[in-house]
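K.L.:
This is model.cif (mmCIF, C-alpha atoms).
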data_protein
loop_
_atom_site.label_atom_id
_atom_site.label_comp_id
_atom_site.auth_asym_id
_atom_site.auth_seq_id
_atom_site.Cartn_x
_atom_site.Cartn_y
_atom_site.Cartn_z
CA MET A 154 2.72 -3.63 43.89
CA ASN A 155 6.12 -4.78 42.63
CA ARG A 156 4.48 -6.30 39.57
CA ILE A 157 2.70 -3.02 38.72
CA PHE A 158 5.96 -1.11 39.14
CA MET A 159 7.84 -3.48 36.81
CA LEU A 160 5.12 -3.29 34.15
CA GLY A 161 5.22 0.50 34.30
CA ALA A 162 9.01 0.54 33.98
CA LEU A 163 8.86 -1.76 30.94
CA ALA A 164 6.14 0.36 29.32
CA PHE A 165 8.25 3.53 29.52
CA SER A 166 11.54 1.84 28.57
CA THR A 167 10.68 1.15 24.91
CA LEU A 168 12.71 4.01 23.47
CA GLN A 169 13.65 2.21 20.23
CA SER A 170 11.62 -0.37 18.37
CA ILE A 171 13.27 -3.32 16.62
CA GLY A 172 10.75 -4.99 14.34
CA CYS A 173 10.71 -8.09 12.18
CA ASP A 174 11.75 -7.86 8.54
CA GLN A 175 9.16 -9.28 6.18
CA CYS A 176 10.95 -8.71 2.88
CA GLY A 177 13.30 -11.66 3.36
CA CYS A 178 16.56 -12.33 1.60
CA GLY A 179 16.19 -15.57 -0.35
CA LEU A 180 19.37 -15.11 -2.36
CA LEU A 181 20.86 -18.58 -1.85
CA GLN A 182 21.74 -20.31 -5.11
CA GLY A 183 19.79 -23.51 -4.60
CA VAL A 184 19.08 -25.79 -7.54
CA GLN A 185 20.55 -24.67 -10.87
CA PRO A 186 20.11 -26.59 -14.16
CA TYR A 187 23.71 -25.84 -15.18
CA ASP A 188 26.72 -25.20 -13.03
CA ARG A 189 28.63 -21.93 -13.51
CA SER A 190 26.34 -20.50 -16.17
CA ASN A 191 24.59 -17.13 -16.31
CA ASN A 192 20.87 -17.34 -15.56
CA PHE A 193 17.83 -15.09 -15.20
CA GLY A 194 14.42 -15.80 -13.77
CA LEU A 195 11.39 -14.88 -11.67
CA GLN A 196 10.65 -15.93 -8.10
CA TRP A 197 7.31 -15.41 -6.37
CA ARG A 198 6.84 -15.72 -2.63
CA MET A 199 3.96 -15.06 -0.26
CA ARG A 200 3.54 -14.92 3.51
CA TYR A 201 0.08 -15.00 5.07
CA LEU A 202 -0.49 -14.01 8.71
CA ASN A 203 -3.78 -14.07 10.60
CA GLY A 204 -4.63 -13.97 14.29
CA ASP A 205 -6.47 -12.33 17.15
CA VAL A 206 -4.46 -9.90 19.24
CA THR A 207 -5.58 -9.50 22.85
CA SER A 208 -4.21 -7.52 25.76
CA PRO A 209 -5.13 -7.48 29.45
CA GLY A 210 -6.78 -4.36 30.80
CA ALA A 211 -8.86 -3.85 27.61
CA MET A 212 -5.91 -2.21 25.86
CA LEU A 213 -4.57 -3.30 22.49
CA LEU A 214 -0.91 -2.45 21.89
CA THR A 215 0.54 -2.26 18.41
CA LYS A 216 2.90 -5.03 17.35
CA HIS A 217 5.81 -2.58 17.02
CA GLY A 218 6.59 -2.08 20.68
CA GLY A 219 3.54 -0.22 21.97
CA HIS A 220 4.00 3.24 20.44
CA VAL A 221 0.21 3.63 20.19
CA ALA A 222 -2.57 2.08 22.27
CA THR A 223 -6.29 1.93 21.51
CA ALA A 224 -9.23 1.03 23.72
CA ALA A 225 -10.00 -2.27 21.94
CA PRO A 226 -9.70 -5.53 23.90
CA VAL A 227 -9.50 -7.82 20.83
CA ALA A 228 -8.66 -7.24 17.19
CA ASN A 229 -8.24 -9.64 14.26
CA TYR A 230 -5.21 -8.94 12.06
CA THR A 231 -4.77 -10.28 8.53
CA GLU A 232 -1.54 -9.51 6.69
CA VAL A 233 -0.33 -10.74 3.30
CA TYR A 234 3.18 -10.04 2.01
CA GLN A 235 3.88 -10.89 -1.64
CA ALA A 236 6.96 -10.32 -3.79
CA LEU A 237 7.64 -11.03 -7.45
CA GLU A 238 11.41 -11.01 -7.64
CA LEU A 239 13.40 -10.37 -10.83
CA ARG A 240 16.71 -12.17 -10.38
CA GLY A 241 19.87 -12.63 -12.40
CA GLN A 242 23.17 -14.39 -11.74
CA LEU A 243 26.34 -13.59 -13.68
CA TRP A 244 29.56 -15.62 -13.54
CA PHE A 245 32.97 -14.00 -14.03
CA GLY A 246 35.39 -16.87 -14.56
CA GLN A 247 35.26 -20.08 -12.51
CA ARG A 248 35.33 -18.66 -8.99
CA PHE A 249 33.28 -15.45 -8.79
CA ASN A 250 29.60 -14.70 -9.47
CA VAL A 251 27.17 -11.88 -8.69
CA THR A 252 23.44 -12.24 -7.98
CA VAL A 253 21.14 -9.21 -8.43
CA SER A 254 17.56 -9.13 -7.11
CA LEU A 255 14.81 -6.56 -7.75
CA PRO A 256 11.55 -7.25 -5.85
CA LEU A 257 8.13 -5.95 -6.84
CA VAL A 258 6.03 -6.13 -3.67
CA ASN A 259 2.41 -6.10 -2.56
CA ASN A 260 1.81 -5.63 1.18
CA TYR A 261 -1.73 -5.92 2.56
CA GLN A 262 -3.22 -5.50 6.04
CA SER A 263 -6.76 -5.57 7.42
CA VAL A 264 -7.96 -5.17 11.02
CA ASP A 265 -11.37 -6.59 11.90
CA GLY A 266 -12.12 -6.91 8.19
CA VAL A 267 -11.31 -3.25 7.43
CA ARG A 268 -8.45 -2.72 4.98
CA HIS A 269 -5.66 -0.56 6.41
CA ALA A 270 -2.99 -1.06 3.73
CA ASP A 271 -2.68 -2.40 0.18
CA THR A 272 0.53 -1.24 -1.51
CA TYR A 273 2.03 -2.16 -4.88
CA ALA A 274 5.55 -0.85 -5.47
CA MET A 275 9.21 -1.65 -6.09
CA GLY A 276 11.10 -2.88 -3.05
CA ASP A 277 14.78 -2.55 -2.14
CA PRO A 278 17.22 -4.16 -4.64
CA MET A 279 19.92 -6.53 -3.37
CA VAL A 280 23.34 -7.48 -4.75
CA LEU A 281 25.33 -10.47 -3.48
CA GLY A 282 28.80 -11.44 -4.71
CA ARG A 283 30.14 -14.97 -4.12
CA TYR A 284 33.62 -16.44 -4.23
CA VAL A 285 34.26 -20.18 -4.57
CA LEU A 286 36.70 -21.22 -1.83
CA LEU A 287 36.77 -24.92 -2.70
CA GLY A 288 35.20 -26.62 -5.67
CA SER A 289 35.31 -28.84 -8.70
CA PHE A 290 35.98 -27.18 -12.03
CA ASN A 291 35.11 -29.98 -14.45
CA GLY A 292 32.14 -28.28 -16.14
CA PHE A 293 28.45 -29.02 -16.27
CA ASP A 294 28.70 -31.80 -18.90
CA SER A 295 30.87 -34.02 -16.70
CA SER A 296 29.38 -37.23 -15.31
CA SER A 297 31.49 -37.11 -12.15
CA VAL A 298 30.47 -35.76 -8.75
CA ARG A 299 30.95 -32.01 -8.34
CA GLN A 300 30.96 -29.95 -5.15
CA ARG A 301 31.47 -26.33 -4.20
CA LEU A 302 31.95 -24.26 -1.04
CA SER A 303 31.23 -20.55 -1.50
CA VAL A 304 31.26 -17.44 0.67
CA GLY A 305 29.47 -14.23 -0.17
CA LEU A 306 29.11 -10.58 0.78
CA GLY A 307 26.45 -8.20 -0.41
CA VAL A 308 24.35 -5.11 0.18
CA LYS A 309 20.70 -4.03 0.07
CA SER A 310 20.14 -0.48 -1.15
CA PRO A 311 17.31 1.84 0.03
CA LEU A 312 15.68 2.51 -3.34
CA GLY A 313 12.15 1.44 -2.39
CA ARG A 314 9.81 3.99 -0.81
CA HIS A 315 9.46 3.94 2.98
CA ASP A 316 7.08 6.89 3.45
CA VAL A 317 3.91 5.61 1.74
CA GLN A 318 0.64 6.96 3.13
CA GLN A 319 -2.74 5.28 2.73
CA TYR A 320 -6.16 6.05 4.21
CA GLY A 321 -4.79 9.21 5.79
CA GLU A 322 -1.93 7.58 7.74
CA THR A 323 1.70 6.63 7.14
CA LEU A 324 1.98 2.84 6.93
CA ASP A 325 3.84 0.80 9.55
CA HIS A 326 7.50 0.07 8.81
CA ASP A 327 6.97 -3.55 7.78
CA LEU A 328 4.13 -2.59 5.41
CA GLN A 329 6.29 -0.11 3.51
CA PRO A 330 7.77 -1.28 0.16
CA GLY A 331 11.27 -0.36 1.34
CA THR A 332 13.10 0.11 4.63
CA GLY A 333 15.10 3.28 3.93
CA THR A 334 18.34 1.63 5.11
CA TRP A 335 21.59 0.25 3.75
CA ASP A 336 21.88 -3.37 4.91
CA ALA A 337 24.81 -5.81 4.75
CA LEU A 338 24.50 -9.46 3.64
CA ALA A 339 26.79 -12.45 4.26
CA SER A 340 26.40 -16.04 3.05
CA LEU A 341 28.03 -19.47 3.31
CA GLU A 342 26.94 -22.25 0.95
CA TYR A 343 27.87 -25.84 0.12
CA MET A 344 26.62 -27.80 -2.89
CA ILE A 345 27.26 -31.37 -4.06
CA ARG A 346 25.91 -32.79 -7.29
CA GLY A 347 26.22 -36.04 -9.18
CA PRO A 348 24.83 -37.04 -12.58
CA ARG A 349 21.40 -37.87 -11.09
CA TYR A 350 21.22 -36.57 -7.49
CA GLY A 351 22.41 -33.57 -5.54
CA GLY A 352 21.96 -31.45 -2.46
CA SER A 353 22.82 -28.08 -1.00
CA LEU A 354 23.05 -26.39 2.38
CA GLY A 355 23.32 -22.64 2.83
CA ALA A 356 23.13 -19.93 5.47
CA ILE A 357 22.62 -16.21 4.94
CA GLY A 358 22.69 -13.36 7.44
CA ARG A 359 21.37 -9.83 7.14
CA PHE A 360 22.59 -6.93 9.26
CA ASN A 361 20.17 -4.04 9.03
CA GLY A 362 20.99 -0.36 9.30
CA GLN A 363 18.91 2.43 10.81
CA ASN A 364 16.77 4.78 8.76
CA ALA A 365 16.33 8.53 9.13
CA ASP A 366 13.40 8.04 11.54
CA GLY A 367 15.57 6.06 13.96
CA HIS A 368 13.92 2.72 13.14
CA ARG A 369 15.95 -0.43 12.62
CA MET A 370 14.57 -3.75 11.39
CA GLY A 371 15.70 -6.79 13.36
CA HIS A 372 18.86 -8.55 12.16
CA SER A 373 18.08 -11.94 10.63
CA ALA A 374 19.70 -15.26 9.74
CA SER A 375 18.31 -18.25 7.88
CA ILE A 376 19.44 -21.74 6.88
CA THR A 377 18.16 -23.55 3.80
CA GLY A 378 18.76 -27.20 2.85
CA GLU A 379 17.48 -29.16 -0.10
CA PHE A 380 17.82 -32.46 -1.95
CA PHE A 381 17.14 -32.69 -5.68
CA ARG A 382 16.88 -35.22 -8.48
CA VAL A 383 18.04 -34.59 -12.04
CA LEU A 384 15.61 -35.88 -14.67
CA ARG A 385 16.48 -35.67 -18.36
CA VAL A 386 13.57 -35.51 -20.81
CA ARG A 387 14.93 -35.42 -24.35
CA ARG A 388 16.96 -32.17 -24.42
CA LEU A 389 15.40 -30.76 -21.24
CA GLN A 390 16.45 -31.07 -17.61
CA VAL A 391 13.82 -31.20 -14.86
CA LEU A 392 15.04 -30.80 -11.26
CA PRO A 393 12.35 -31.57 -8.65
CA ALA A 394 13.57 -30.68 -5.17
CA VAL A 395 12.49 -31.03 -1.56
CA GLY A 396 13.95 -29.08 1.33
CA GLY A 397 13.51 -26.99 4.43
CA TYR A 398 13.98 -23.34 5.39
#
Show me this structure written as structure tokens.
P.N.:
Amino acid sequence: MNRIFMLGALAFSTLQSIGCDQCGCGLLQGVQPYDRSNNFGLQWRMRYLNGDVTSPGAMLLTKHGGHVATAAPVANYTEVYQALELRGQLWFGQRFNVTVSLPLVNNYQSVDGVRHADTYAMGDPMVLGRYVLLGSFNGFDSSSVRQRLSVGLGVKSPLGRHDVQQYGETLDHDLQPGTGTWDALASLEYMIRGPRYGGSLGAIGRFNGQNADGHRMGHSASITGEFFRVLRVRRLQVLPAVGGY
């Protein structure tokens, strides 16, 4: 009896949903061919999710806190989140740089083989400014060891759509191209590099706001580390890297 009472209390206590944030914030500097130089590029990322969702009592609850329940004991979810990110980094002097990111996203979902979402749209742009607290300022042509400790603050703006409808229904929050919120970013990064080897370690946090519908994505933090090798082929530099996220 006590167990039934507790389950009922939990079911009616979900007044606000806090969901995961699939769009990510991979704005850490990572490997750069030249130190303190402006650069532009493309980054593609993809996340694939697949699994069977089951619930006791022949009821399937949605993954966003149980707002809706259907009379299906088992369902197979497949979700694919892709983003082609236009990115640029501009340096202003020796200590300050700004990174700008504009993602073009494709979010897909199918349930039991039936497509429920397949969106192609612009996501929410991000801007992150960094300041070099400690570092070497001997230029990218130097053969000596260089290192840098940087801190950063930034913002994500709600320019991507967050009210897309497909197949007669409004898509779930994490399937929308944008979140409809202003979010704050903070980063801390360390890099060391010699003439042939180097490594970096960085952490970035994201503090999400609440949109007009009262929904807030979960706050997130991530740590990225990598080790790289500098290979010179004639006038080109190739930087293979291995790391973890």
K.L.:
Please evaluate the PyMOL selection byres ((chain A and resi 393) around 12) against the displayed coordinates and give the resulting residues as a list in words.
P.N.:
Gly183, Val184, Gln185, Pro186, Arg349, Tyr350, Gly351, Gly352, Glu379, Phe380, Phe381, Arg382, Val383, Leu384, Arg385, Gln390, Val391, Leu392, Ala394, Val395 and Gly396 of chain A
K.L.:
What are the closest atom pairs, with distances in Å to one decimal, for all residues of region 226-257 of chain A lying within 10 Å of region 314-334 of chain A? Consider all atoms listed in the file, order rows by chain and residue number, and present the result as CSV.
P.N.:
residue,atom,partner,partner_atom,distance
A:Glu232,CA,A:Leu328,CA,9.0
A:Val233,CA,A:Leu328,CA,9.5
A:Tyr234,CA,A:Leu328,CA,8.2
A:Ala236,CA,A:Pro330,CA,9.9
A:Pro256,CA,A:Pro330,CA,9.3
A:Leu257,CA,A:Pro330,CA,8.4
K.L.:
What does the PyMOL selection byres ((chain A and resi 298) around 7) select in this file, as a PyMOL selection string?
P.N.:
chain A and resi 296-297+299-300+346-348
K.L.:
Can you list, as number ranges by chain, the residues that the PyMOL selection byres ((chain A and resi 283) around 7) selects here?
P.N.:
A: 249-251, 281-282, 284-285, 303-306
K.L.:
List the neighbours of Pro278 (chain A) out to 9 Å using all atoms listed in the file; skip same-chain residues closer than 5 positions along the sequence, and give me the result as a PyMOL selection string.
P.N.:
chain A and resi 253-256+308-313
K.L.:
Give one line per residue of region 240-281 of chain A that approaches region 335-343 of chain A to at most 10 Å, naming the two atoms of the closest pair and their distance in Å to one decimal, counting only C-alpha atoms; sort by chain then ascending residue number and deliver it as CSV.
P.N.:
residue,atom,partner,partner_atom,distance
A:Asp277,CA,A:Trp335,CA,9.4
A:Met279,CA,A:Leu338,CA,8.9
A:Val280,CA,A:Leu338,CA,8.7
A:Leu281,CA,A:Leu338,CA,7.2
K.L.:
One decimal, in Å: what's the spacing between CA of Thr252 (chain A) and CA of Arg240 (chain A)?
P.N.:
7.1 Å
K.L.:
Kindly give the distance, in Å, that separates CA of Gly355 (chain A) and CA of Ser375 (chain A), rounded to a single decimal.
P.N.:
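Here the two named atoms are 8.4 Å from each other.
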